[in-house]
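Next up, coords.cif (mmCIF, C-alpha atoms):
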data_start
#
loop_
_atom_site.label_atom_id
_atom_site.label_comp_id
_atom_site.auth_asym_id
_atom_site.auth_seq_id
_atom_site.Cartn_x
_atom_site.Cartn_y
_atom_site.Cartn_z
CA MET A 1108 -22.93 -0.26 22.26
CA ASP A 1109 -20.73 -3.16 23.44
CA GLU A 1110 -21.57 -6.85 23.93
CA ARG A 1111 -22.95 -6.24 27.42
CA ASP A 1112 -25.29 -3.56 26.11
CA ILE A 1113 -26.48 -5.89 23.35
CA THR A 1114 -27.06 -8.71 25.79
CA ARG A 1115 -28.94 -6.48 28.22
CA ALA A 1116 -31.14 -5.10 25.44
CA ALA A 1117 -31.93 -8.61 24.27
CA LEU A 1118 -32.79 -9.71 27.79
CA GLN A 1119 -35.07 -6.75 28.31
CA ALA A 1120 -36.78 -7.36 25.00
CA THR A 1121 -37.49 -10.97 25.90
CA GLY A 1122 -38.74 -10.10 29.40
CA ILE A 1123 -36.00 -12.00 31.20
CA ILE A 1124 -34.98 -9.00 33.31
CA LYS A 1125 -37.66 -8.58 35.98
CA LYS A 1126 -38.11 -6.56 39.09
CA GLY A 1127 -38.87 -7.36 42.70
CA ALA A 1128 -39.47 -10.96 43.76
CA GLN A 1129 -38.37 -12.41 40.41
CA ALA A 1130 -34.86 -10.90 40.54
CA LYS A 1131 -33.12 -14.14 41.54
CA LEU A 1132 -34.81 -16.04 38.77
CA ALA A 1133 -33.74 -13.28 36.39
CA VAL A 1134 -30.08 -13.76 37.34
CA VAL A 1135 -30.29 -17.46 36.59
CA ALA A 1136 -32.06 -16.75 33.32
CA ILE A 1137 -29.42 -14.22 32.33
CA ILE A 1138 -26.63 -16.73 32.89
CA VAL A 1139 -28.42 -19.35 30.82
CA PHE A 1140 -29.15 -16.82 28.09
CA VAL A 1141 -25.55 -15.61 27.86
CA ILE A 1142 -24.24 -19.17 27.73
CA ALA A 1143 -26.64 -19.84 24.88
CA LEU A 1144 -25.41 -16.78 22.99
CA LEU A 1145 -21.82 -17.89 23.41
CA ALA A 1146 -22.64 -21.37 22.24
CA ILE A 1147 -24.16 -20.23 18.96
CA GLY A 1148 -21.54 -17.53 18.36
CA LEU A 1149 -23.89 -14.53 18.49
CA MET A 1150 -22.23 -12.72 21.34
CA PHE A 1151 -18.64 -12.63 20.11
CA PRO A 1152 -18.73 -13.50 16.40
CA GLY A 1153 -15.40 -14.41 14.86
CA GLY A 1154 -13.66 -12.16 12.34
CA ARG A 1155 -13.56 -12.93 8.66
CA ALA A 1156 -10.94 -15.32 7.43
CA GLY A 1157 -7.92 -13.64 5.87
CA ALA A 1158 -7.40 -13.84 2.14
CA SER A 1159 -5.08 -16.56 0.89
CA GLY A 1160 -1.54 -15.76 -0.15
CA LYS A 1161 0.83 -16.18 -3.08
CA CYS A 1162 -1.16 -13.80 -5.27
CA GLN A 1163 -3.76 -16.39 -6.11
CA ASP A 1164 -7.18 -15.38 -7.36
CA THR A 1165 -9.80 -15.73 -4.65
CA GLY A 1166 -12.55 -14.30 -6.80
CA PRO A 1167 -13.94 -10.79 -7.02
CA GLY A 1168 -15.20 -9.25 -3.84
CA THR A 1169 -13.85 -11.90 -1.49
CA GLY A 1170 -10.85 -10.01 -0.12
CA ASP A 1171 -10.84 -8.86 3.48
CA SER A 1172 -10.89 -5.08 3.49
CA SER A 1173 -9.68 -4.75 7.07
CA VAL A 1174 -6.17 -3.54 7.75
CA SER A 1175 -4.34 -6.21 9.69
CA GLY A 1176 -1.58 -5.05 11.98
CA ASP A 1177 -2.39 -1.37 11.51
CA THR A 1178 -1.16 0.28 14.67
CA ASN A 1179 -3.23 3.36 13.81
CA GLN A 1180 -6.49 1.48 14.41
CA THR A 1181 -8.25 2.59 17.60
CA SER A 1182 -10.30 0.34 19.90
CA GLY A 1183 -12.53 0.84 22.91
CA THR A 1184 -15.95 2.42 23.32
CA VAL A 1185 -17.37 4.65 20.59
CA ARG A 1186 -16.23 7.78 22.45
CA GLN A 1187 -12.77 6.36 23.07
CA ARG A 1188 -12.40 5.55 19.38
CA GLN A 1189 -13.58 9.02 18.41
CA ILE A 1190 -11.04 10.62 20.73
CA GLY A 1191 -8.27 8.40 19.38
CA TYR A 1192 -9.07 9.20 15.75
CA ALA A 1193 -9.46 12.89 16.55
CA LYS A 1194 -5.94 12.91 17.99
CA THR A 1195 -4.62 11.19 14.86
CA ILE A 1196 -6.33 13.72 12.59
CA ASP A 1197 -4.95 16.61 14.60
CA SER A 1198 -1.42 15.18 14.71
CA VAL A 1199 -1.44 14.96 10.91
CA ALA A 1200 -2.71 18.53 10.62
CA GLU A 1201 -0.02 19.74 12.99
CA LYS A 1202 2.68 17.80 11.13
CA LEU A 1203 1.58 19.47 7.90
CA GLY A 1204 1.74 22.90 9.55
CA LEU A 1205 -2.01 23.48 9.35
CA PRO A 1206 -3.95 25.47 11.97
CA GLY A 1207 -6.50 24.11 14.43
CA ARG A 1208 -9.27 25.28 12.13
CA ALA A 1209 -8.19 22.58 9.66
CA THR A 1210 -8.56 19.95 12.36
CA LEU A 1211 -12.06 21.16 13.22
CA ILE A 1212 -13.21 21.04 9.59
CA ALA A 1213 -11.79 17.53 9.25
CA LEU A 1214 -13.60 16.43 12.41
CA MET A 1215 -16.89 17.88 11.14
CA VAL A 1216 -16.49 15.92 7.91
CA ALA A 1217 -15.50 12.72 9.71
CA MET A 1218 -18.51 13.03 12.00
CA GLN A 1219 -20.91 13.39 9.11
CA GLU A 1220 -19.32 10.66 7.00
CA SER A 1221 -18.46 7.98 9.54
CA GLY A 1222 -19.29 9.16 13.05
CA VAL A 1223 -15.51 9.62 13.45
CA ASP A 1224 -14.98 5.87 13.13
CA ASN A 1225 -12.74 3.92 10.78
CA LEU A 1226 -15.48 2.04 8.93
CA ASP A 1227 -14.76 -0.89 6.60
CA HIS A 1228 -17.93 -0.18 4.62
CA GLY A 1229 -20.03 2.65 3.25
CA ASP A 1230 -21.88 3.85 0.18
CA ARG A 1231 -20.63 1.82 -2.78
CA ASP A 1232 -16.90 1.30 -2.12
CA SER A 1233 -16.47 4.12 0.42
CA VAL A 1234 -14.46 3.25 3.54
CA GLY A 1235 -12.68 4.89 6.43
CA LEU A 1236 -13.04 8.03 8.49
CA PHE A 1237 -13.86 10.30 5.57
CA GLN A 1238 -15.59 7.65 3.43
CA GLN A 1239 -13.08 8.08 0.64
CA ARG A 1240 -13.47 5.77 -2.36
CA PRO A 1241 -10.70 3.60 -3.85
CA SER A 1242 -12.40 3.80 -7.25
CA ALA A 1243 -12.31 7.60 -7.06
CA ASP A 1244 -8.49 7.75 -6.77
CA TRP A 1245 -8.24 8.25 -3.00
CA GLY A 1246 -5.90 5.26 -2.58
CA THR A 1247 -6.25 1.57 -1.90
CA VAL A 1248 -8.66 0.23 0.73
CA ALA A 1249 -5.74 -0.49 3.06
CA GLN A 1250 -4.39 3.03 2.63
CA ILE A 1251 -7.74 4.74 3.12
CA ARG A 1252 -8.36 2.69 6.26
CA THR A 1253 -5.04 3.90 7.67
CA PRO A 1254 -6.30 6.96 9.59
CA SER A 1255 -3.14 9.03 9.19
CA PHE A 1256 -3.11 8.40 5.42
CA ALA A 1257 -6.81 9.26 5.11
CA ALA A 1258 -6.33 12.47 7.13
CA GLU A 1259 -3.38 13.52 5.01
CA SER A 1260 -5.44 12.86 1.89
CA PHE A 1261 -8.24 15.02 3.26
CA PHE A 1262 -5.91 17.91 4.02
CA MET A 1263 -3.55 17.78 1.02
CA GLY A 1264 -5.57 15.93 -1.62
CA ARG A 1265 -4.77 12.58 -3.21
CA GLY A 1266 -4.55 11.46 -6.80
CA THR A 1267 -6.98 13.53 -8.84
CA ASN A 1268 -8.83 14.77 -5.75
CA PRO A 1269 -8.23 18.21 -4.22
CA GLY A 1270 -7.81 18.54 -0.48
CA LEU A 1271 -8.61 21.18 2.09
CA VAL A 1272 -5.61 23.35 1.19
CA ASP A 1273 -6.81 23.43 -2.42
CA MET A 1274 -10.10 25.10 -1.42
CA LYS A 1275 -9.65 28.82 -2.07
CA GLY A 1276 -10.35 30.87 1.03
CA TRP A 1277 -10.93 27.83 3.24
CA GLU A 1278 -9.38 29.60 6.21
CA THR A 1279 -12.12 32.27 6.23
CA LYS A 1280 -15.15 30.72 4.51
CA PRO A 1281 -17.88 29.03 6.59
CA MET A 1282 -16.49 25.68 7.70
CA GLY A 1283 -19.56 23.67 6.69
CA GLU A 1284 -19.33 25.12 3.19
CA VAL A 1285 -15.65 24.20 2.92
CA ALA A 1286 -16.39 20.66 4.13
CA ALA A 1287 -19.09 20.23 1.51
CA ASP A 1288 -16.81 21.58 -1.23
CA ILE A 1289 -14.28 18.84 -0.45
CA GLN A 1290 -16.72 15.96 -0.02
CA LYS A 1291 -19.06 16.95 -2.88
CA PRO A 1292 -22.26 15.41 -1.48
CA ASP A 1293 -25.66 15.62 -3.11
CA GLU A 1294 -26.95 19.20 -2.84
CA ARG A 1295 -29.60 18.01 -0.39
CA TYR A 1296 -26.92 17.12 2.17
CA ARG A 1297 -24.45 20.00 1.89
CA HIS A 1298 -25.85 21.73 4.97
CA LEU A 1299 -25.32 18.76 7.28
CA TYR A 1300 -21.59 19.28 7.89
CA ALA A 1301 -22.09 22.65 9.60
CA GLY A 1302 -24.40 21.06 12.15
CA HIS A 1303 -21.53 19.13 13.72
CA GLU A 1304 -19.39 22.10 14.73
CA THR A 1305 -20.42 22.28 18.38
CA ALA A 1306 -20.16 18.54 18.96
CA MET A 1307 -16.72 18.43 17.33
CA ARG A 1308 -15.49 21.32 19.43
CA ASN A 1309 -16.49 19.26 22.46
CA LEU A 1310 -14.72 16.19 21.04
CA ALA A 1311 -11.59 18.24 20.44
CA LYS A 1312 -11.74 19.46 24.05
CA ASP A 1313 -12.01 15.87 25.32
CA ALA A 1314 -9.07 14.90 23.12
CA GLY A 1315 -6.93 17.77 24.37
CA ILE A 1316 -6.75 19.39 20.92
CA ASN A 1317 -5.98 23.09 20.63
CA LEU A 1318 -8.31 24.36 17.93
CA ASP A 1319 -6.83 27.86 18.30
CA ARG A 1320 -3.43 26.65 17.09
CA GLY A 1321 -2.03 28.79 14.28
CA GLY A 1322 -0.56 27.53 11.06
CA SER A 1323 -0.25 27.94 7.30
CA ALA A 1324 -3.25 27.99 4.97
CA THR A 1325 -1.31 25.96 2.40
CA GLY A 1326 0.43 23.56 4.73
CA ASN A 1327 3.87 22.09 4.20
CA ARG A 1328 3.84 19.43 1.49
CA SER A 1329 7.45 18.50 2.19
CA THR A 1330 6.31 16.84 5.43
CA ALA A 1331 3.70 14.69 3.66
CA SER A 1332 4.25 10.94 3.55
CA PRO A 1333 6.39 9.50 0.72
CA SER A 1334 3.35 7.73 -0.72
CA THR A 1335 2.07 11.02 -2.13
CA ASP A 1336 4.80 11.27 -4.76
CA ALA A 1337 3.47 8.51 -7.01
CA PRO A 1338 0.19 7.51 -8.61
CA ILE A 1339 -1.90 5.16 -6.49
CA ASP A 1340 -3.44 2.10 -8.11
CA THR A 1341 -7.01 2.30 -6.85
CA ARG A 1342 -8.18 -0.76 -8.74
CA ASN A 1343 -5.78 -3.44 -7.57
CA GLY A 1344 -7.04 -6.91 -6.85
CA LYS A 1345 -5.54 -10.37 -6.65
CA CYS A 1346 -2.25 -9.83 -8.47
CA GLY A 1347 -4.05 -7.59 -10.90
CA ASN A 1348 -6.54 -4.80 -11.25
CA ASP A 1349 -9.67 -4.02 -13.16
CA THR A 1350 -9.57 -3.47 -16.88
CA GLY A 1351 -10.21 0.27 -16.76
CA ASN A 1352 -10.18 2.17 -20.02
CA GLY A 1353 -6.45 2.55 -20.35
CA GLY A 1354 -5.16 5.22 -22.62
CA GLY A 1355 -2.98 7.04 -20.11
CA LYS A 1356 -0.21 9.12 -21.63
CA GLY A 1357 3.41 8.16 -21.15
CA GLY A 1358 6.27 10.55 -21.45
CA GLY A 1359 9.46 9.44 -19.71
CA GLY A 1360 9.74 5.95 -21.12
CA GLY A 1361 12.83 6.14 -23.32
CA THR A 1362 14.04 2.91 -24.89
CA PHE A 1363 14.60 -0.66 -23.73
CA SER A 1364 16.97 -3.20 -25.24
CA ASP A 1365 17.98 -6.82 -24.71
CA GLY A 1366 21.10 -6.43 -26.85
CA LYS A 1367 19.34 -7.75 -29.94
CA GLN A 1368 16.21 -5.63 -30.17
CA THR A 1369 15.39 -2.15 -28.98
CA TRP A 1370 11.90 -0.97 -28.11
CA THR A 1371 10.55 2.52 -27.51
CA LEU A 1372 8.61 2.78 -24.26
CA ASN A 1373 5.83 5.23 -23.42
CA ASN A 1374 5.72 4.74 -19.64
CA PRO A 1375 5.51 7.85 -17.44
CA ARG A 1376 8.81 6.79 -15.84
CA SER A 1377 12.01 5.74 -17.55
CA VAL A 1378 13.59 2.41 -16.68
CA ALA A 1379 16.18 4.06 -14.43
CA GLU A 1380 13.50 6.12 -12.67
CA ALA A 1381 11.29 3.06 -12.21
CA ILE A 1382 14.09 0.96 -10.73
CA GLN A 1383 15.00 3.74 -8.34
CA TRP A 1384 11.35 4.20 -7.34
CA ALA A 1385 11.03 0.47 -6.65
CA LYS A 1386 14.14 0.52 -4.46
CA ASP A 1387 13.00 3.63 -2.61
CA HIS A 1388 9.65 2.02 -1.74
CA ALA A 1389 10.87 -1.44 -0.73
CA GLY A 1390 12.02 -3.02 2.52
CA SER A 1391 11.67 -0.81 5.58
CA ARG A 1392 10.16 1.96 3.42
CA SER A 1393 7.39 -0.21 2.01
CA THR A 1394 3.77 0.30 2.99
CA ASN A 1395 1.55 -2.73 3.56
CA GLU A 1396 -1.14 -2.22 0.91
CA TRP A 1397 0.31 -4.57 -1.73
CA TYR A 1398 -1.24 -7.88 -0.69
CA GLN A 1399 -2.00 -9.87 -3.85
CA ALA A 1400 -1.45 -6.72 -5.95
CA CYS A 1401 1.64 -7.68 -7.96
CA LEU A 1402 0.38 -6.48 -11.36
CA ALA A 1403 -0.92 -3.27 -9.83
CA TYR A 1404 2.49 -2.75 -8.24
CA THR A 1405 4.49 -3.20 -11.43
CA SER A 1406 2.34 -0.70 -13.32
CA ILE A 1407 2.72 1.85 -10.52
CA VAL A 1408 6.49 1.35 -10.51
CA TYR A 1409 6.47 2.64 -14.08
CA GLY A 1410 4.22 5.57 -13.21
CA TRP A 1411 0.82 4.32 -14.35
CA SER A 1412 -2.32 4.40 -12.20
CA TYR A 1413 -3.47 0.94 -13.31
CA SER A 1414 -2.39 -1.81 -15.70
CA GLY A 1415 -5.73 -2.36 -17.44
CA VAL A 1416 -5.42 -6.15 -17.15
CA SER A 1417 -7.22 -8.37 -14.65
CA TYR A 1418 -4.49 -10.89 -13.76
CA ALA A 1419 -0.70 -10.96 -13.73
CA ILE A 1420 -0.50 -14.15 -15.77
CA ASP A 1421 -2.65 -12.56 -18.50
CA HIS A 1422 -0.38 -9.56 -18.88
CA TYR A 1423 2.28 -11.78 -20.48
CA SER A 1424 -0.06 -12.57 -23.37
CA VAL A 1425 -1.20 -8.94 -23.69
CA VAL A 1426 2.37 -7.90 -24.47
CA PRO A 1427 3.13 -8.35 -28.22
CA LYS A 1428 4.46 -11.80 -29.06
CA ALA A 1429 7.75 -10.40 -30.34
CA MET A 1430 8.43 -9.05 -26.86
CA GLN A 1431 7.79 -12.32 -25.01
CA HIS A 1432 10.97 -14.13 -23.95
CA ASP A 1433 9.81 -17.61 -22.96
CA GLY A 1434 12.05 -19.20 -20.35
CA ASP A 1435 14.88 -16.70 -20.87
CA ARG A 1436 16.72 -16.15 -17.59
CA ASN A 1437 18.85 -13.24 -18.78
CA PRO A 1438 16.49 -10.26 -18.66
CA PRO A 1439 17.76 -6.68 -18.81
CA PRO A 1440 17.23 -4.52 -15.70
CA GLY A 1441 13.73 -3.10 -15.68
CA ALA A 1442 12.12 -6.11 -17.34
CA LEU A 1443 8.90 -7.70 -16.11
CA LEU A 1444 9.30 -11.32 -14.95
CA TYR A 1445 6.41 -13.81 -14.81
CA TRP A 1446 5.66 -17.03 -12.92
CA ASP A 1447 2.90 -19.62 -12.96
CA THR A 1448 2.04 -20.15 -9.28
CA GLY A 1449 -0.53 -22.89 -9.88
CA HIS A 1450 -3.32 -20.38 -9.30
CA ARG A 1451 -5.38 -18.31 -11.72
CA ALA A 1452 -3.57 -15.00 -11.24
CA GLY A 1453 0.08 -16.06 -11.42
CA HIS A 1454 2.79 -13.62 -10.39
CA ILE A 1455 4.79 -10.74 -11.85
CA ALA A 1456 7.78 -8.80 -10.50
CA VAL A 1457 10.14 -6.03 -11.60
CA TYR A 1458 13.73 -7.07 -12.38
CA LEU A 1459 16.31 -4.73 -10.84
CA GLY A 1460 19.46 -6.39 -12.17
CA ASN A 1461 22.03 -8.66 -10.50
CA ASN A 1462 19.40 -11.41 -10.13
CA GLN A 1463 17.30 -9.19 -7.83
CA VAL A 1464 13.60 -8.39 -8.18
CA ALA A 1465 11.20 -6.09 -6.33
CA SER A 1466 8.05 -7.99 -5.38
CA ASN A 1467 5.11 -8.02 -3.01
CA ASP A 1468 4.23 -10.83 -0.58
CA ILE A 1469 7.36 -12.96 -0.98
CA LEU A 1470 8.89 -12.14 2.41
CA ARG A 1471 6.03 -10.27 4.11
CA LYS A 1472 2.38 -10.40 3.20
CA GLY A 1473 1.39 -7.06 1.66
CA TYR A 1474 4.87 -5.50 1.66
CA ILE A 1475 7.46 -4.97 -1.08
CA ASP A 1476 10.90 -6.53 -0.67
CA ILE A 1477 13.95 -7.02 -2.87
CA VAL A 1478 14.82 -10.70 -3.21
CA PRO A 1479 16.63 -13.14 -5.56
CA ALA A 1480 14.55 -13.90 -8.64
CA GLU A 1481 14.58 -17.65 -8.04
CA MET A 1482 12.93 -17.33 -4.62
CA PHE A 1483 9.47 -17.71 -6.17
CA GLU A 1484 10.49 -21.16 -7.35
CA THR A 1485 12.30 -22.24 -4.19
CA LYS A 1486 9.80 -20.80 -1.71
CA TRP A 1487 6.48 -20.99 -3.60
CA GLY A 1488 7.22 -23.83 -6.02
CA ALA A 1489 6.28 -21.51 -8.90
CA ARG A 1490 7.26 -22.16 -12.54
CA TYR A 1491 9.19 -19.43 -14.32
CA ILE A 1492 7.53 -18.36 -17.58
CA GLY A 1493 9.79 -15.68 -18.97
CA TRP A 1494 10.13 -11.93 -19.26
CA THR A 1495 8.91 -9.00 -21.33
CA PRO A 1496 10.02 -5.38 -21.67
CA PRO A 1497 8.10 -3.07 -19.29
CA VAL A 1498 5.21 -2.35 -21.61
CA PHE A 1499 1.61 -1.85 -20.48
CA PRO A 1500 -0.58 -1.78 -23.60
CA LYS A 1501 -3.81 -1.23 -21.64
CA ALA A 1502 -2.51 0.94 -18.81
CA GLY A 1503 -3.78 4.33 -17.84
#
Could you take the file, read its structure, and then write that structure out as structure tokens?
Amino acid sequence: MDERDITRAALQATGIIKKGAQAKLAVVAIIVFVIALLAIGLMFPGGRAGASGKCQDTGPGTGDSSVSGDTNQTSGTVRQRQIGYAKTIDSVAEKLGLPGRATLIALMVAMQESGVDNLDHGDRDSVGLFQQRPSADWGTVAQIRTPSFAAESFFMGRGTNPGLVDMKGWETKPMGEVAADIQKPDERYRHLYAGHETAMRNLAKDAGINLDRGGSATGNRSTASPSTDAPIDTRNGKCGNDTGNGGGKGGGGGTFSDGKQTWTLNNPRSVAEAIQWAKDHAGSRSTNEWYQACLAYTSIVYGWSYSGVSYAIDHYSVVPKAMQHDGDRNPPPGALLYWDTGHRAGHIAVYLGNNQVASNDILRKGYIDIVPAEMFETKWGARYIGWTPPVFPKAG
């Protein structure tokens, strides 16, 4: 239903639309009514204001969950949006080498979960086409609301969640049963997915999708997006993330030294691996989900799923005192650098060496770029605090 449908329904409900001799009066009344709606902002309400920048804390739950500038978002009537999203889902399936049957199962799930629409809301923190949850390790809100990312997650799995290809016998089992196995609804609702098969076959026909296309039951993981090769921080917030329970196991950490002291690290990635990962996911290869998520980003660089600390500025004090280097501007590569931005959350970045850091938001809102370390002071007016080794005492 678009704005014209809403207006017409309102007019009919109020008795303004008449028949016969009162038609001319109805036209006048309609014009007056529409002008009134426009005046009070009911007909075309404005979008929510964007969150503020520079990694400041805007309070829990105040961030805008919409994906700005996402070229994968589809507009138009409900049917037009459904067709657009169906094409995206199928293109991902085809890219992964999956058969048309995989597309049909995905469409049946999307129909049940969202009406094949890219919703910014749902049960608890569920969002997107498949109503995947950030808190359940499906990715960040921005990632999940990127249709191609969500479709790839559905097909190949994401984080700790299995995907379609992980369902044994999915290519021959009843499609509704496979859909329910992936989505894990309450037992009362498992049967609902199967009921959408006919409608989704019709949608696929309208979208020009070949559901008889052949393919591999396991798909081709080598064609998956680069974002699948690292843990996703599903709890990131305003330059931080929730406290979690921590306790994740390290393994590749190695040692870290400033020339005077040497520390043993337990991060999943070594310093060299972390620096390379940061470089490989910066600049033109960066995704746009990092807005105000600097602490989340640094923990992911080192292979963790979350830092376990609420704000970047607080992480400095969580690190043991002996590891805090107040004001020292000679950090070793791989160190964590901290700034006071004048806001609650502060800022943190990963030092790459040669006065370069990898950081979110400094050049482009939400993206990671490699910039000179002093740019936070010259561009943001931030105050440099110091550095610590890359330790995450509460990470997991």
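Of the residues under consideration (A:Leu1402, A:Val1272, A:Met1430, A:Ala1286), A:Val1272 shows the shortest atom-to-atom contact distance to A:Gly1326 when counting all atoms listed in the file.
Applied to the file shown here, the PyMOL selection byres ((chain A and resi 1310-1323) around 9) selects Arg1186, Gln1189, Ile1190, Gly1191, Ala1193, Lys1194, Asp1197, Glu1201, Leu1203, Gly1204, Leu1205, Pro1206, Gly1207, Arg1208, Ala1209, Thr1210, Leu1211, Leu1214, Thr1305, Ala1306, Met1307, Arg1308, Asn1309, Ala1324, Thr1325, Gly1326 and Asn1327 of chain A.
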Print the selection's residues with C-alpha atoms to a file, as a JSON list (two decimals), in the frame of the given file.
[["chain", "number", "residue", "atom", "x", "y", "z"],
["A", 1186, "ARG", "CA", -16.23, 7.78, 22.45],
["A", 1189, "GLN", "CA", -13.58, 9.02, 18.41],
["A", 1190, "ILE", "CA", -11.04, 10.62, 20.73],
["A", 1191, "GLY", "CA", -8.27, 8.40, 19.38],
["A", 1193, "ALA", "CA", -9.46, 12.89, 16.55],
["A", 1194, "LYS", "CA", -5.94, 12.91, 17.99],
["A", 1197, "ASP", "CA", -4.95, 16.61, 14.60],
["A", 1201, "GLU", "CA", -0.02, 19.74, 12.99],
["A", 1203, "LEU", "CA", 1.58, 19.47, 7.90],
["A", 1204, "GLY", "CA", 1.74, 22.90, 9.55],
["A", 1205, "LEU", "CA", -2.01, 23.48, 9.35],
["A", 1206, "PRO", "CA", -3.95, 25.47, 11.97],
["A", 1207, "GLY", "CA", -6.50, 24.11, 14.43],
["A", 1208, "ARG", "CA", -9.27, 25.28, 12.13],
["A", 1209, "ALA", "CA", -8.19, 22.58, 9.66],
["A", 1210, "THR", "CA", -8.56, 19.95, 12.36],
["A", 1211, "LEU", "CA", -12.06, 21.16, 13.22],
["A", 1214, "LEU", "CA", -13.60, 16.43, 12.41],
["A", 1305, "THR", "CA", -20.42, 22.28, 18.38],
["A", 1306, "ALA", "CA", -20.16, 18.54, 18.96],
["A", 1307, "MET", "CA", -16.72, 18.43, 17.33],
["A", 1308, "ARG", "CA", -15.49, 21.32, 19.43],
["A", 1309, "ASN", "CA", -16.49, 19.26, 22.46],
["A", 1324, "ALA", "CA", -3.25, 27.99, 4.97],
["A", 1325, "THR", "CA", -1.31, 25.96, 2.40],
["A", 1326, "GLY", "CA", 0.43, 23.56, 4.73],
["A", 1327, "ASN", "CA", 3.87, 22.09, 4.20]]
(request) Please measure the separation of atom CA of A:Pro1479 and atom CA of A:Arg1451, giving the value in Å to one decimal. (result) 23.4 Å
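Atom CA of A:Arg1265 is positioned 28.3 Å from atom CA of A:Leu1459.
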(message) Which residues are close to A:Val1425, i.e. within 10 Å by all atoms listed in the file, leaving aside same-chain residues fewer than 5 positions away? Reply as a list in words.
(response)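 Close residues of A:Val1425: Val1416, Ile1420, Gln1431, Val1498, Phe1499, Pro1500 and Lys1501 of chain A.
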Export of prior selection with C-alpha atoms as a tab-separated table (two decimals), keeping the file's coordinate frame:
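Writing the result to again.tsv gives the following:
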chain	number	residue	atom	x	y	z
A	1416	VAL	CA	-5.42	-6.15	-17.15
A	1420	ILE	CA	-0.50	-14.15	-15.77
A	1431	GLN	CA	7.79	-12.32	-25.01
A	1498	VAL	CA	5.21	-2.35	-21.61
A	1499	PHE	CA	1.61	-1.85	-20.48
A	1500	PRO	CA	-0.58	-1.78	-23.60
A	1501	LYS	CA	-3.81	-1.23	-21.64
(message) Could you tell me how far atom CA of A:Ala1502 sits from atom CA of A:Ser1414, in Å to one decimal place?
(response) 4.2 Å
Which residues come within 8 Å of A:Thr1394, counting all atoms listed in the file, excluding same-chain residues fewer than 6 positions away, as a CSV table (one decimal) with C-alpha atoms, in the frame of the given file?
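Listing of selection-v8.csv after writing:
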chain,number,residue,atom,x,y,z
A,1388,HIS,CA,9.6,2.0,-1.7
A,1473,GLY,CA,1.4,-7.1,1.7
A,1474,TYR,CA,4.9,-5.5,1.7
A,1475,ILE,CA,7.5,-5.0,-1.1
